[in-house]
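Text of the file entry_0.tsv, holding TSV, C-alpha atoms and all ligand atoms:
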```
chain	number	residue	atom	x	y	z
A	24	MET	CA	-5.48	-19.09	82.72
A	25	PRO	CA	-1.73	-19.73	82.09
A	26	ILE	CA	-0.96	-22.17	79.30
A	27	GLY	CA	1.75	-24.74	80.02
A	28	PRO	CA	4.68	-25.19	77.61
A	29	ASP	CA	3.43	-28.66	76.61
A	30	ILE	CA	0.13	-27.23	75.45
A	31	VAL	CA	1.81	-24.38	73.55
A	32	ALA	CA	4.11	-26.94	71.91
A	33	GLY	CA	1.09	-29.09	71.03
A	34	VAL	CA	-0.74	-26.16	69.44
A	35	ALA	CA	2.43	-25.21	67.53
A	36	ARG	CA	2.78	-28.78	66.25
A	37	ARG	CA	-0.85	-28.87	65.15
A	38	LEU	CA	-0.48	-25.59	63.24
A	39	ALA	CA	2.78	-26.72	61.64
A	40	ASP	CA	1.25	-30.02	60.51
A	41	HIS	CA	-1.90	-28.40	59.22
A	42	VAL	CA	-0.72	-25.22	57.47
A	43	GLY	CA	3.08	-25.31	57.75
A	44	PHE	CA	3.52	-22.25	59.99
A	45	GLU	CA	6.62	-22.01	62.13
A	46	LEU	CA	5.77	-19.31	64.65
A	47	PRO	CA	7.31	-17.89	67.80
A	48	THR	CA	5.99	-19.30	71.05
A	49	TRP	CA	4.62	-15.98	72.26
A	50	VAL	CA	2.43	-15.58	69.16
A	51	ILE	CA	0.95	-19.03	69.59
A	52	GLU	CA	0.48	-18.58	73.30
A	53	ALA	CA	-1.24	-15.19	72.97
A	54	ARG	CA	-3.53	-16.11	70.09
A	55	ALA	CA	-4.43	-19.55	71.44
A	56	ALA	CA	-5.13	-18.05	74.89
A	57	ALA	CA	-7.56	-15.59	73.28
A	58	ARG	CA	-9.36	-18.45	71.51
A	59	MET	CA	-9.50	-20.54	74.74
A	60	ALA	CA	-10.97	-17.59	76.65
A	61	ARG	CA	-13.53	-17.02	73.90
A	62	LEU	CA	-14.64	-20.66	74.02
A	63	GLY	CA	-14.32	-20.95	77.80
A	64	LEU	CA	-12.09	-24.02	77.39
A	65	ALA	CA	-9.20	-25.15	79.58
A	66	PRO	CA	-5.86	-25.35	77.66
A	67	ALA	CA	-5.79	-29.16	77.58
A	68	ASP	CA	-9.39	-29.31	76.31
A	69	TYR	CA	-8.60	-26.73	73.63
A	70	LEU	CA	-5.63	-28.77	72.40
A	71	ALA	CA	-7.75	-31.92	72.39
A	72	LEU	CA	-10.38	-30.07	70.33
A	73	ILE	CA	-8.02	-28.88	67.57
A	74	GLU	CA	-6.36	-32.27	67.40
A	75	LYS	CA	-9.66	-33.94	66.49
A	76	GLY	CA	-11.63	-33.87	63.26
A	77	ARG	CA	-14.55	-32.16	64.97
A	78	GLY	CA	-12.21	-29.29	65.84
A	79	ALA	CA	-11.56	-28.46	62.19
A	80	SER	CA	-13.53	-25.24	62.25
A	81	GLU	CA	-11.78	-24.08	65.43
A	82	LEU	CA	-8.41	-24.91	63.84
A	83	GLY	CA	-9.46	-22.74	60.90
A	84	LEU	CA	-10.24	-19.85	63.28
A	85	LEU	CA	-6.87	-20.26	64.99
A	86	VAL	CA	-5.17	-20.11	61.58
A	87	GLU	CA	-7.04	-16.86	60.89
A	88	ALA	CA	-5.76	-15.51	64.21
A	89	VAL	CA	-2.08	-16.28	63.57
A	90	ARG	CA	-1.59	-15.93	59.81
A	91	VAL	CA	0.09	-12.94	58.16
A	92	GLY	CA	-2.01	-11.70	55.25
A	93	GLU	CA	-0.05	-8.66	54.19
A	94	THR	CA	-0.38	-7.91	50.48
A	95	ARG	CA	-0.83	-5.06	48.02
A	96	LEU	CA	-1.35	-4.36	44.33
A	97	PHE	CA	1.76	-4.33	42.12
A	98	ARG	CA	4.00	-5.72	44.84
A	99	HIS	CA	7.59	-6.02	43.64
A	100	VAL	CA	7.53	-4.41	40.21
A	101	PRO	CA	10.81	-6.03	38.97
A	102	GLN	CA	9.16	-9.46	39.02
A	103	ILE	CA	6.05	-8.11	37.35
A	104	ALA	CA	8.22	-6.54	34.66
A	105	ALA	CA	9.97	-9.90	34.13
A	106	LEU	CA	6.59	-11.58	33.78
A	107	VAL	CA	5.29	-9.05	31.28
A	108	ASP	CA	8.44	-8.36	29.27
A	109	THR	CA	10.16	-11.76	29.27
A	110	VAL	CA	7.71	-14.54	30.15
A	111	ALA	CA	4.54	-13.29	28.44
A	112	PRO	CA	6.07	-12.77	24.96
A	113	ALA	CA	6.86	-16.50	24.88
A	114	LEU	CA	3.21	-17.29	25.59
A	115	ARG	CA	1.79	-15.03	22.86
A	116	GLY	CA	-0.48	-16.76	20.37
A	117	ARG	CA	-1.80	-19.26	22.92
A	118	SER	CA	-5.59	-19.46	23.01
A	119	ARG	CA	-5.56	-19.85	26.80
A	120	VAL	CA	-3.07	-19.16	29.56
A	121	ARG	CA	-3.64	-20.49	33.08
A	122	VAL	CA	-2.17	-18.83	36.15
A	123	TRP	CA	-2.21	-19.96	39.80
A	124	SER	CA	-1.56	-17.53	42.62
A	125	ALA	CA	-0.91	-19.73	45.68
A	126	GLY	CA	-1.38	-17.91	48.99
A	127	CYS	CA	-3.13	-14.99	47.28
A	128	ALA	CA	-4.34	-13.36	50.54
A	129	ALA	CA	-7.13	-10.84	49.85
A	130	GLY	CA	-6.71	-11.05	46.07
A	131	GLU	CA	-4.49	-8.08	45.20
A	132	GLU	CA	-1.92	-10.42	43.67
A	133	VAL	CA	-4.55	-12.02	41.42
A	134	ALA	CA	-5.85	-8.62	40.31
A	135	THR	CA	-2.28	-7.55	39.55
A	136	LEU	CA	-1.61	-10.65	37.47
A	137	ALA	CA	-4.84	-10.21	35.47
A	138	VAL	CA	-4.22	-6.52	34.85
A	139	VAL	CA	-0.62	-6.86	33.70
A	140	LEU	CA	-1.00	-10.06	31.67
A	141	ALA	CA	-4.10	-9.06	29.68
A	142	PRO	CA	-2.40	-6.30	27.63
A	143	ALA	CA	0.72	-8.47	27.28
A	144	LEU	CA	-1.30	-11.36	25.82
A	145	PRO	CA	-3.81	-9.88	23.35
A	146	GLY	CA	-6.28	-12.42	21.99
A	147	THR	CA	-5.51	-14.95	24.76
A	148	THR	CA	-8.13	-16.07	27.26
A	149	LEU	CA	-6.64	-15.61	30.70
A	150	ALA	CA	-7.68	-17.77	33.66
A	151	VAL	CA	-6.18	-16.60	36.95
A	152	LEU	CA	-6.95	-18.72	40.02
A	153	GLY	CA	-6.15	-17.45	43.50
A	154	THR	CA	-6.07	-19.85	46.46
A	155	ASP	CA	-5.53	-19.24	50.13
A	156	VAL	CA	-6.04	-21.27	53.28
A	157	SER	CA	-7.90	-18.35	54.88
A	158	ALA	CA	-11.68	-18.26	54.45
A	159	GLU	CA	-11.65	-14.56	55.43
A	160	ALA	CA	-9.06	-13.74	52.78
A	161	ILE	CA	-10.98	-15.59	50.08
A	162	ALA	CA	-14.25	-13.86	51.01
A	163	THR	CA	-12.52	-10.46	50.75
A	164	ALA	CA	-10.87	-11.47	47.48
A	165	ARG	CA	-14.23	-12.47	46.01
A	166	ALA	CA	-15.68	-9.07	46.92
A	167	GLY	CA	-12.99	-7.76	44.57
A	168	THR	CA	-12.53	-4.10	45.45
A	169	TYR	CA	-9.29	-2.30	46.30
A	170	PRO	CA	-8.44	1.13	47.69
A	171	GLU	CA	-8.08	3.55	44.83
A	172	ASP	CA	-4.82	4.95	46.21
A	173	ALA	CA	-3.23	1.51	45.67
A	174	LEU	CA	-3.00	2.54	42.02
A	175	ALA	CA	-0.21	4.88	43.11
A	176	HIS	CA	2.05	1.79	42.92
A	177	VAL	CA	1.53	1.59	39.13
A	178	PRO	CA	4.70	2.84	37.41
A	179	GLU	CA	4.23	6.06	35.40
A	180	ASP	CA	4.96	4.38	32.07
A	181	ARG	CA	2.40	1.56	32.53
A	182	ALA	CA	-0.88	3.39	31.92
A	183	GLU	CA	-2.33	0.17	30.44
A	184	TRP	CA	-2.15	-1.43	33.91
A	185	ARG	CA	-4.13	1.41	35.45
A	186	ALA	CA	-6.72	0.96	32.72
A	187	GLY	CA	-7.43	-2.52	34.07
A	188	PHE	CA	-9.42	-0.99	36.93
A	189	VAL	CA	-12.76	0.80	37.00
A	190	ALA	CA	-14.39	2.83	39.77
A	191	ALA	CA	-16.35	0.91	42.42
A	192	GLU	CA	-17.81	2.60	45.51
A	193	PRO	CA	-16.23	5.96	46.45
A	194	GLY	CA	-12.49	5.65	47.04
A	195	ARG	CA	-12.36	2.08	45.74
A	196	VAL	CA	-11.74	0.38	42.40
A	197	ARG	CA	-12.49	-3.04	40.98
A	198	LEU	CA	-11.24	-5.04	37.99
A	199	ARG	CA	-12.64	-4.14	34.58
A	200	PRO	CA	-15.47	-6.64	33.92
A	201	ASP	CA	-13.67	-8.43	31.06
A	202	LEU	CA	-10.71	-9.05	33.38
A	203	ALA	CA	-12.87	-9.98	36.37
A	204	ASP	CA	-14.48	-12.70	34.24
A	205	GLY	CA	-11.15	-14.50	34.02
A	206	VAL	CA	-10.47	-14.44	37.75
A	207	SER	CA	-11.58	-16.97	40.38
A	208	PHE	CA	-10.79	-17.81	43.99
A	209	GLU	CA	-10.84	-21.00	46.04
A	210	ARG	CA	-10.04	-21.74	49.63
A	211	ALA	CA	-7.24	-24.33	49.55
A	212	ASN	CA	-4.36	-25.41	51.72
A	213	LEU	CA	-1.06	-25.40	49.84
A	214	LEU	CA	0.04	-28.44	51.84
A	215	ASP	CA	-2.86	-30.48	50.43
A	216	ALA	CA	-3.31	-31.20	46.73
A	217	ALA	CA	-2.67	-28.40	44.22
A	218	PRO	CA	-5.84	-27.08	42.55
A	219	GLY	CA	-4.90	-28.73	39.26
A	220	ASP	CA	-1.91	-29.10	37.00
A	221	GLY	CA	-0.66	-27.74	33.68
A	222	PHE	CA	-0.54	-24.12	34.89
A	223	ASP	CA	1.57	-21.89	32.63
A	224	ILE	CA	2.45	-19.53	35.47
A	225	VAL	CA	2.58	-20.28	39.20
A	226	TRP	CA	3.03	-17.31	41.51
A	227	CYS	CA	3.68	-18.00	45.18
A	228	ARG	CA	5.22	-15.02	46.92
A	229	ASN	CA	5.78	-14.43	50.63
A	230	VAL	CA	4.15	-17.68	51.69
A	231	LEU	CA	7.03	-20.16	52.08
A	232	ILE	CA	8.89	-17.78	54.40
A	233	TYR	CA	6.42	-18.57	57.16
A	234	PHE	CA	6.82	-22.36	56.80
A	235	GLY	CA	9.04	-24.83	58.61
A	236	ALA	CA	11.39	-27.02	56.57
A	237	ALA	CA	9.08	-30.03	56.18
A	238	ALA	CA	6.17	-27.86	55.10
A	239	LYS	CA	8.37	-26.02	52.60
A	240	ARG	CA	9.28	-29.35	51.05
A	241	ARG	CA	5.63	-30.36	50.73
A	242	ALA	CA	4.57	-26.97	49.35
A	243	VAL	CA	7.38	-26.93	46.78
A	244	GLU	CA	6.28	-30.38	45.59
A	245	ARG	CA	2.76	-29.01	45.07
A	246	LEU	CA	4.03	-25.97	43.16
A	247	VAL	CA	6.32	-28.02	40.94
A	248	GLY	CA	3.58	-30.59	40.28
A	249	ALA	CA	1.11	-27.88	39.27
A	250	VAL	CA	3.24	-26.10	36.67
A	251	ALA	CA	3.35	-27.32	33.06
A	252	VAL	CA	6.65	-28.32	31.49
A	253	GLY	CA	8.06	-25.06	30.12
A	254	GLY	CA	5.88	-23.09	32.54
A	255	VAL	CA	7.30	-20.71	35.12
A	256	VAL	CA	7.26	-20.36	38.90
A	257	PHE	CA	7.81	-17.09	40.78
A	258	VAL	CA	8.50	-17.01	44.50
A	259	GLY	CA	9.14	-14.12	46.87
A	260	TYR	CA	12.17	-12.00	47.38
A	261	SER	CA	13.57	-14.04	50.28
A	262	GLU	CA	12.48	-17.41	48.90
A	263	THR	CA	14.31	-19.55	46.40
A	264	LEU	CA	13.75	-22.73	44.45
A	265	ARG	CA	17.40	-23.20	43.56
A	266	GLY	CA	18.29	-26.85	43.86
A	267	VAL	CA	14.82	-28.11	42.90
A	268	THR	CA	15.70	-30.68	40.25
A	269	GLU	CA	12.79	-29.99	37.93
A	270	LEU	CA	13.31	-26.25	37.82
A	271	GLU	CA	15.89	-24.05	36.18
A	272	ALA	CA	16.52	-20.53	37.47
A	273	GLN	CA	16.36	-17.66	34.97
A	274	ARG	CA	17.18	-14.04	35.55
A	275	ALA	CA	15.39	-11.12	33.88
A	276	GLY	CA	16.64	-7.73	35.02
A	277	GLU	CA	16.51	-7.75	38.79
A	278	ALA	CA	14.09	-10.66	38.99
A	279	VAL	CA	14.67	-14.39	39.22
A	280	TYR	CA	12.09	-16.96	38.20
A	281	TYR	CA	12.12	-20.72	37.51
A	282	VAL	CA	11.25	-22.66	34.37
A	283	LYS	CA	10.10	-26.27	34.62
A	284	ARG	CA	12.46	-28.47	32.65
A	285	GLY	CA	11.23	-30.73	29.88
A	286	THR	CA	13.14	-33.77	31.03
A	287	ARG	CA	12.83	-35.12	34.50
A	288	ARG	CA	16.26	-36.13	35.58
A	289	ASP	CA	16.24	-37.79	38.98
A	290	ALA	CA	12.47	-37.99	38.72
A	291	ALA	CA	12.35	-40.79	41.24
A	292	ARG	CA	13.99	-38.65	43.90
A	293	LEU	CA	11.94	-36.52	46.18
A	294	THR	CA	12.07	-32.93	45.03
A	295	PRO	CA	14.65	-31.26	47.23
A	296	VAL	CA	13.46	-28.11	48.78
A	297	ALA	CA	14.38	-24.60	47.92
A	298	GLY	CA	17.69	-23.12	48.69
A	299	VAL	CA	20.85	-25.05	48.53
A	300	ALA	CA	23.65	-22.62	48.31
A	301	ALA	CA	24.96	-21.90	51.74
A	302	VAL	CA	26.62	-18.57	51.19
A	303	LYS	CA	30.36	-18.67	51.76
A	304	PRO	CA	32.58	-15.61	51.98
A	305	GLY	CA	34.46	-15.26	48.73
A	306	ALA	CA	32.09	-17.52	46.80
A	307	SER	CA	30.60	-16.08	43.63
A	308	PRO	CA	27.60	-13.93	44.45
A	309	ALA	CA	24.41	-15.93	44.84
A	310	PRO	CA	22.06	-14.80	42.07
A	311	ALA	CA	18.94	-15.21	44.16
A	312	PRO	CA	17.96	-14.77	47.77
A	313	VAL	CA	18.64	-18.01	49.54
A	314	CYS	CA	17.07	-19.53	52.62
A	315	ASP	CA	18.25	-23.01	53.32
A	316	PRO	CA	15.64	-24.80	55.38
A	317	ARG	CA	17.75	-27.91	55.66
A	318	SER	CA	20.55	-26.59	57.81
A	319	GLU	CA	19.32	-26.97	61.38
A	320	GLY	CA	18.66	-23.63	63.01
A	321	THR	CA	20.71	-21.69	60.47
A	322	GLU	CA	19.29	-19.62	57.63
A	323	HIS	CA	21.04	-17.81	54.81
A	324	LEU	CA	19.60	-14.78	53.16
A	325	ALA	CA	21.42	-13.60	50.06
A	326	LEU	CA	20.35	-10.28	48.59
A	327	ALA	CA	20.11	-9.99	44.83
A	328	GLY	CA	19.33	-7.34	42.23
A	329	HIS	CA	18.03	-4.10	43.73
A	330	PRO	CA	16.58	-5.21	47.07
A	331	ASP	CA	13.26	-3.66	48.06
A	332	PRO	CA	13.34	-2.38	51.68
A	333	ASP	CA	9.73	-3.44	52.41
A	334	GLU	CA	10.32	-6.95	51.17
A	335	LEU	CA	13.62	-7.18	53.04
A	336	ALA	CA	11.88	-6.03	56.22
A	337	GLU	CA	9.18	-8.64	55.74
A	338	ALA	CA	11.74	-11.37	55.07
A	339	LEU	CA	13.76	-10.45	58.14
A	340	GLY	CA	10.57	-10.22	60.20
A	341	ALA	CA	9.65	-13.72	59.09
A	342	MET	CA	13.12	-14.96	60.07
A	343	LEU	CA	12.69	-13.31	63.45
A	344	SER	CA	9.50	-15.25	63.94
A	345	MET	CA	11.17	-18.65	63.40
A	346	HIS	CA	11.41	-20.09	66.85
A	347	ALA	CA	14.12	-22.59	65.88
A	348	LEU	CA	16.40	-19.98	64.32
A	349	ARG	CA	19.83	-19.82	65.93
A	350	ALA	CA	21.99	-18.15	63.28
A	351	LEU	CA	21.39	-16.01	60.22
A	352	ALA	CA	23.92	-15.14	57.54
A	353	ILE	CA	22.92	-12.16	55.40
A	354	ASP	CA	24.96	-11.98	52.21
A	355	LEU	CA	25.12	-8.60	50.51
A	356	ASP	CA	27.48	-9.54	47.68
A	357	GLY	CA	24.80	-10.61	45.17
A	358	ALA	CA	22.95	-7.27	45.24
A	359	ASP	CA	23.60	-5.10	42.19
A	360	LEU	CA	22.40	-1.98	43.96
A	361	LEU	CA	22.27	-1.47	47.72
A	362	GLY	CA	20.04	1.52	48.37
A	363	ASP	CA	20.56	3.70	51.43
A	364	GLU	CA	17.03	2.92	52.61
A	365	LEU	CA	18.09	-0.70	53.28
A	366	ALA	CA	20.52	0.31	56.02
A	367	PRO	CA	17.99	1.19	58.77
A	368	VAL	CA	16.00	-1.95	57.91
A	369	LEU	CA	19.10	-4.10	58.37
A	370	ARG	CA	20.20	-2.25	61.50
A	371	ARG	CA	16.81	-2.66	63.20
A	372	ALA	CA	16.47	-6.30	62.17
A	373	CYS	CA	20.00	-7.19	63.34
A	374	ALA	CA	19.31	-5.59	66.73
A	375	ALA	CA	16.00	-7.45	67.09
A	376	LEU	CA	17.52	-10.75	66.01
A	377	ARG	CA	20.43	-10.35	68.41
A	378	ALA	CA	18.01	-9.51	71.22
A	379	ALA	CA	16.19	-12.75	70.38
A	380	GLY	CA	19.43	-14.69	70.81
A	381	VAL	CA	20.10	-15.20	67.07
A	382	ARG	CA	23.71	-14.98	65.85
A	383	VAL	CA	23.73	-12.66	62.84
A	384	GLU	CA	26.50	-12.33	60.32
A	385	LEU	CA	26.59	-9.70	57.57
A	386	ARG	CA	28.70	-10.94	54.69
A	387	ALA	CA	30.14	-8.37	52.31
A	388	THR	CA	33.28	-9.42	50.48
A	389	ARG	CA	32.71	-7.45	47.25
A	390	ALA	CA	34.37	-4.03	47.37
A	391	GLY	CA	31.11	-2.17	46.66
A	392	ALA	CA	29.23	-4.10	49.34
A	393	ARG	CA	32.08	-3.57	51.84
A	394	ARG	CA	32.04	0.16	51.14
A	395	TRP	CA	28.26	0.29	51.60
A	396	VAL	CA	28.49	-1.51	54.95
A	397	SER	CA	31.19	0.82	56.16
A	398	ARG	CA	29.40	3.95	54.86
A	399	HIS	CA	26.38	3.00	56.95
A	400	GLY	CA	28.42	1.96	59.98
A	401	LEU	CA	26.97	-1.54	59.86
A	402	GLU	CA	30.20	-3.45	60.61
A	403	GLY	CA	29.22	-3.87	64.21
A	404	ALA	CA	25.49	-4.29	63.59
A	405	ALA	CA	25.53	-8.06	63.42
A	501	LIG	C1	2.06	-12.57	53.52
A	501	LIG	S1	0.66	-13.15	52.63
A	501	LIG	C2	1.27	-13.00	50.97
A	501	LIG	C3	0.20	-12.62	50.00
A	501	LIG	C4	0.65	-12.45	48.56
A	501	LIG	N1	1.14	-13.70	48.01
A	501	LIG	C5	1.66	-11.34	48.42
A	501	LIG	O1	2.86	-11.62	48.32
A	501	LIG	O2	1.28	-10.18	48.41
A	501	LIG	C6	0.71	-14.93	52.91
A	501	LIG	C7	-0.59	-15.61	52.57
A	501	LIG	O3	-0.35	-17.03	52.50
A	501	LIG	C8	-1.46	-17.69	53.04
A	501	LIG	N2	-1.07	-19.04	53.48
A	501	LIG	C9	-0.26	-19.36	54.50
A	501	LIG	N3	-0.16	-20.69	54.63
A	501	LIG	C10	-0.92	-21.22	53.64
A	501	LIG	C11	-1.22	-22.55	53.25
A	501	LIG	N4	-0.73	-23.61	53.91
A	501	LIG	N5	-2.04	-22.73	52.20
A	501	LIG	C12	-2.54	-21.66	51.52
A	501	LIG	N6	-2.31	-20.39	51.85
A	501	LIG	C13	-1.49	-20.16	52.89
A	501	LIG	C14	-1.88	-16.81	54.20
A	501	LIG	O4	-3.21	-17.04	54.61
A	501	LIG	C15	-1.67	-15.41	53.63
A	501	LIG	O5	-2.83	-14.91	53.05
```

Once more with this new file: its structure as C-alpha cells, please.
Ligand SMILES: C[S@@+](CC[C@H](N)C(=O)[O-])C[C@H]1O[C@@H](n2cnc3c(N)ncnc32)[C@H](O)[C@@H]1O
Amino acid sequence: MPIGPDIVAGVARRLADHVGFELPTWVIEARAAARMARLGLAPADYLALIEKGRGASELGLLVEAVRVGETRLFRHVPQIAALVDTVAPALRGRSRVRVWSAGCAAGEEVATLAVVLAPALPGTTLAVLGTDVSAEAIATARAGTYPEDALAHVPEDRAEWRAGFVAAEPGRVRLRPDLADGVSFERANLLDAAPGDGFDIVWCRNVLIYFGAAAKRRAVERLVGAVAVGGVVFVGYSETLRGVTELEAQRAGEAVYYVKRGTRRDAARLTPVAGVAAVKPGASPAPAPVCDPRSEGTEHLALAGHPDPDELAEALGAMLSMHALRALAIDLDGADLLGDELAPVLRRACAALRAAGVRVELRATRAGARRWVSRHGLEGAA
C-alpha cells in the first residue's frame, strides 16, 4: 500500500523526537512500509500506533530497522593513541577511572577502550559502560565476542592491546576475564538522561552525525553533563564540540578531544551545540572537523590531521542522508596530510550529493591542498 507524504513526515517526526535521527524520506518510507506490511496495518493506523505510549515496542523495532550500527575494534587509531598517550598519563594513580561509551553499537568500542586503557592505567580499577538505544546492539554487546580477524587493526607496536583478548569459539575472541569484569552495557537513549555523571572519559563517536540540530543540542547537553570537571570527551571524525562553553578543545597528534573546564562561565546559558566555525576561504585552518547544525540546510565539513578515508566516507554518507541538506562546504585546508585514497571517496560523494540536489563546494586555499585538488582533478568535482 502506498504511504502518503503526510504519513512519512509523521513517522520521520516521531523518529526525530524519539532518537534524534534525521533520515532521508526514502529510508523512512521503505522501512516503515515493511513494518506496516508485517503488522498488517494501514499507514494511518501505523502512525497512530507509534505516536502512542502503547506503540513503544513498535517504535523500538522501527528504530532497529533504520539505525546505522556500523562499528569495529580499534576504530580511528589516532584518537586511541591520544587517549592512551596523552589523556591516560594524567589519570595515573587514580584508584578508579569511569568511562562512558555513548552509542556503543555492538560493543567493539567498549572492548577497545578497556583493552587500551588497562595497560595505560596499571593499578587502576576501570569501569567502562556502553550504552545504546538499540536492544539488539546491547544484546550482541553483552555476548561479548568479536571476529578474530578484527585484531588485524591492532598496530604492530601495540602487542599489549592484542593481549587484552583471549580465544572464544573458533574464529572469535573475547575480552580477557579481568577486563571483561570492568565492562557493562545498558540500553539507553542518549536524548534521555545520561547514565550518571562524573565520568572521567566520555566517548561518543559517529552518533551525532545522524542527528538533526535539536537532537544534537540535547545529546551534547547530556554528554557535557555526564563528564567530570577535568574529564575528557571524544567525538567522531566529522563531529565537533567547538563552541560548547564548558569544553576546551585540545589537540594530540592528529586527534582532537575536549576537556571540561573547571569554571562554568555562562553557566546559565543553554549549552550551544557543536560546531561554530563556518569555514571561510582564507580563514586560518579549522583544527577540527566542523559541522554546523545551526545554519539552516548548510553544513560545513572541515578536514583535520590525517583524514581516514573510511571515516570520511561515513561522514559524507551521513550528510547525504540528511533530508534538509541543501549545501555542503568541504574544507581541505586544515588537513595536515591528504592521502591519495581520499580522492575517490570525495569524488564519489560529491557526485552523489550533486545528484541529490546538494550544492557542494570544495575549499582549498592552502597551496598544498590546492595542489592535491588539482593533482586529483577534483576542481570540477563539486
Ligand atoms: C554508527 S554507530 C557508531 C558506533 C560506535 N560509536 C563507533 O563509532 O564505532 C551509531 C550507534 O549509535 C546508536 N544511537 C543512535 N541514536 C542513539 C540514541 N538516541 N541513543 C543511543 N544510541 C543511539 C545507534 O543505535 C548505533 O549503534

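Identified as lying at most 6 Å from ligand LIG 501 (chain A) when counting only C-alpha atoms and all ligand atoms are the residues Val42, Gly43, Arg90, Val91, Gly92, Glu93, Thr94, Arg95, Gly126, Cys127, Ala128, Glu132, Asp155, Val156, Ser157, Ala211, Asn212, Leu213, Leu214, Cys227, Arg228, Asn229 and Val230 of chain A.
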
For this session: Counting only C-alpha atoms, note down every residue that has an atom within 12 Å of the point (21.4, -9.7, 67.6) (file coordinates), as a list in words.
Result: Leu343, Leu348, Arg349, Ala350, Leu351, Ala352, Leu369, Arg370, Arg371, Ala372, Cys373, Ala374, Ala375, Leu376, Arg377, Ala378, Ala379, Gly380, Val381, Arg382, Val383, Glu384, Leu385, Gly403, Ala404 and Ala405 of chain A

Those same residues, written as a PDB file, in the frame of the given file with C-alpha atoms?
```
ATOM      1  CA  LEU A 343      12.690 -13.310  63.450  1.00  0.00           C
ATOM      2  CA  LEU A 348      16.400 -19.980  64.320  1.00  0.00           C
ATOM      3  CA  ARG A 349      19.830 -19.820  65.930  1.00  0.00           C
ATOM      4  CA  ALA A 350      21.990 -18.150  63.280  1.00  0.00           C
ATOM      5  CA  LEU A 351      21.390 -16.010  60.220  1.00  0.00           C
ATOM      6  CA  ALA A 352      23.920 -15.140  57.540  1.00  0.00           C
ATOM      7  CA  LEU A 369      19.100  -4.100  58.370  1.00  0.00           C
ATOM      8  CA  ARG A 370      20.200  -2.250  61.500  1.00  0.00           C
ATOM      9  CA  ARG A 371      16.810  -2.660  63.200  1.00  0.00           C
ATOM     10  CA  ALA A 372      16.470  -6.300  62.170  1.00  0.00           C
ATOM     11  CA  CYS A 373      20.000  -7.190  63.340  1.00  0.00           C
ATOM     12  CA  ALA A 374      19.310  -5.590  66.730  1.00  0.00           C
ATOM     13  CA  ALA A 375      16.000  -7.450  67.090  1.00  0.00           C
ATOM     14  CA  LEU A 376      17.520 -10.750  66.010  1.00  0.00           C
ATOM     15  CA  ARG A 377      20.430 -10.350  68.410  1.00  0.00           C
ATOM     16  CA  ALA A 378      18.010  -9.510  71.220  1.00  0.00           C
ATOM     17  CA  ALA A 379      16.190 -12.750  70.380  1.00  0.00           C
ATOM     18  CA  GLY A 380      19.430 -14.690  70.810  1.00  0.00           C
ATOM     19  CA  VAL A 381      20.100 -15.200  67.070  1.00  0.00           C
ATOM     20  CA  ARG A 382      23.710 -14.980  65.850  1.00  0.00           C
ATOM     21  CA  VAL A 383      23.730 -12.660  62.840  1.00  0.00           C
ATOM     22  CA  GLU A 384      26.500 -12.330  60.320  1.00  0.00           C
ATOM     23  CA  LEU A 385      26.590  -9.700  57.570  1.00  0.00           C
ATOM     24  CA  GLY A 403      29.220  -3.870  64.210  1.00  0.00           C
ATOM     25  CA  ALA A 404      25.490  -4.290  63.590  1.00  0.00           C
ATOM     26  CA  ALA A 405      25.530  -8.060  63.420  1.00  0.00           C
TER      27      ALA A 405
END
```

Exercise. Using all atoms listed in the file, which of A:Gln273, A:Ser397, A:Thr321, A:Thr388 sits nearest Ala105 in chain A?
Worked result: A:Gln273

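Here CA of Asp223 in chain A and CA of Arg121 in chain A stand 5.4 Å from one another.
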
Seminar exercise, completed: Counting only C-alpha atoms, the residue among A:Arg389, A:Leu46, A:Gly167, A:Ala237 that lies closest to Gly340 in chain A is A:Leu46

For range 56-66 of chain A, supply N, CA and C atoms and report the output as a PDB file, in the coordinates of the input.
```pdb
ATOM      1  N   ALA A  56      -4.493 -18.416  73.621  1.00  0.00           N
ATOM      2  CA  ALA A  56      -5.130 -18.050  74.890  1.00  0.00           C
ATOM      3  C   ALA A  56      -6.419 -17.271  74.622  1.00  0.00           C
ATOM      4  N   ALA A  57      -6.367 -16.382  73.617  1.00  0.00           N
ATOM      5  CA  ALA A  57      -7.560 -15.590  73.280  1.00  0.00           C
ATOM      6  C   ALA A  57      -8.687 -16.514  72.816  1.00  0.00           C
ATOM      7  N   ARG A  58      -8.331 -17.507  72.006  1.00  0.00           N
ATOM      8  CA  ARG A  58      -9.360 -18.450  71.510  1.00  0.00           C
ATOM      9  C   ARG A  58      -9.931 -19.277  72.672  1.00  0.00           C
ATOM     10  N   MET A  59      -9.048 -19.731  73.593  1.00  0.00           N
ATOM     11  CA  MET A  59      -9.500 -20.540  74.740  1.00  0.00           C
ATOM     12  C   MET A  59     -10.479 -19.732  75.586  1.00  0.00           C
ATOM     13  N   ALA A  60     -10.111 -18.446  75.826  1.00  0.00           N
ATOM     14  CA  ALA A  60     -10.970 -17.590  76.650  1.00  0.00           C
ATOM     15  C   ALA A  60     -12.321 -17.414  75.961  1.00  0.00           C
ATOM     16  N   ARG A  61     -12.283 -17.226  74.668  1.00  0.00           N
ATOM     17  CA  ARG A  61     -13.530 -17.020  73.900  1.00  0.00           C
ATOM     18  C   ARG A  61     -14.443 -18.229  74.016  1.00  0.00           C
ATOM     19  N   LEU A  62     -13.831 -19.429  73.978  1.00  0.00           N
ATOM     20  CA  LEU A  62     -14.640 -20.660  74.020  1.00  0.00           C
ATOM     21  C   LEU A  62     -14.890 -21.132  75.444  1.00  0.00           C
ATOM     22  N   GLY A  63     -14.189 -20.514  76.412  1.00  0.00           N
ATOM     23  CA  GLY A  63     -14.320 -20.950  77.800  1.00  0.00           C
ATOM     24  C   GLY A  63     -13.756 -22.353  78.004  1.00  0.00           C
ATOM     25  N   LEU A  64     -12.673 -22.668  77.278  1.00  0.00           N
ATOM     26  CA  LEU A  64     -12.090 -24.020  77.390  1.00  0.00           C
ATOM     27  C   LEU A  64     -10.764 -23.977  78.141  1.00  0.00           C
ATOM     28  N   ALA A  65     -10.503 -25.003  78.929  1.00  0.00           N
ATOM     29  CA  ALA A  65      -9.200 -25.150  79.580  1.00  0.00           C
ATOM     30  C   ALA A  65      -8.169 -25.487  78.492  1.00  0.00           C
ATOM     31  N   PRO A  66      -6.882 -25.114  78.699  1.00  0.00           N
ATOM     32  CA  PRO A  66      -5.860 -25.350  77.660  1.00  0.00           C
ATOM     33  C   PRO A  66      -5.840 -26.794  77.136  1.00  0.00           C
TER      34      PRO A  66
END
```
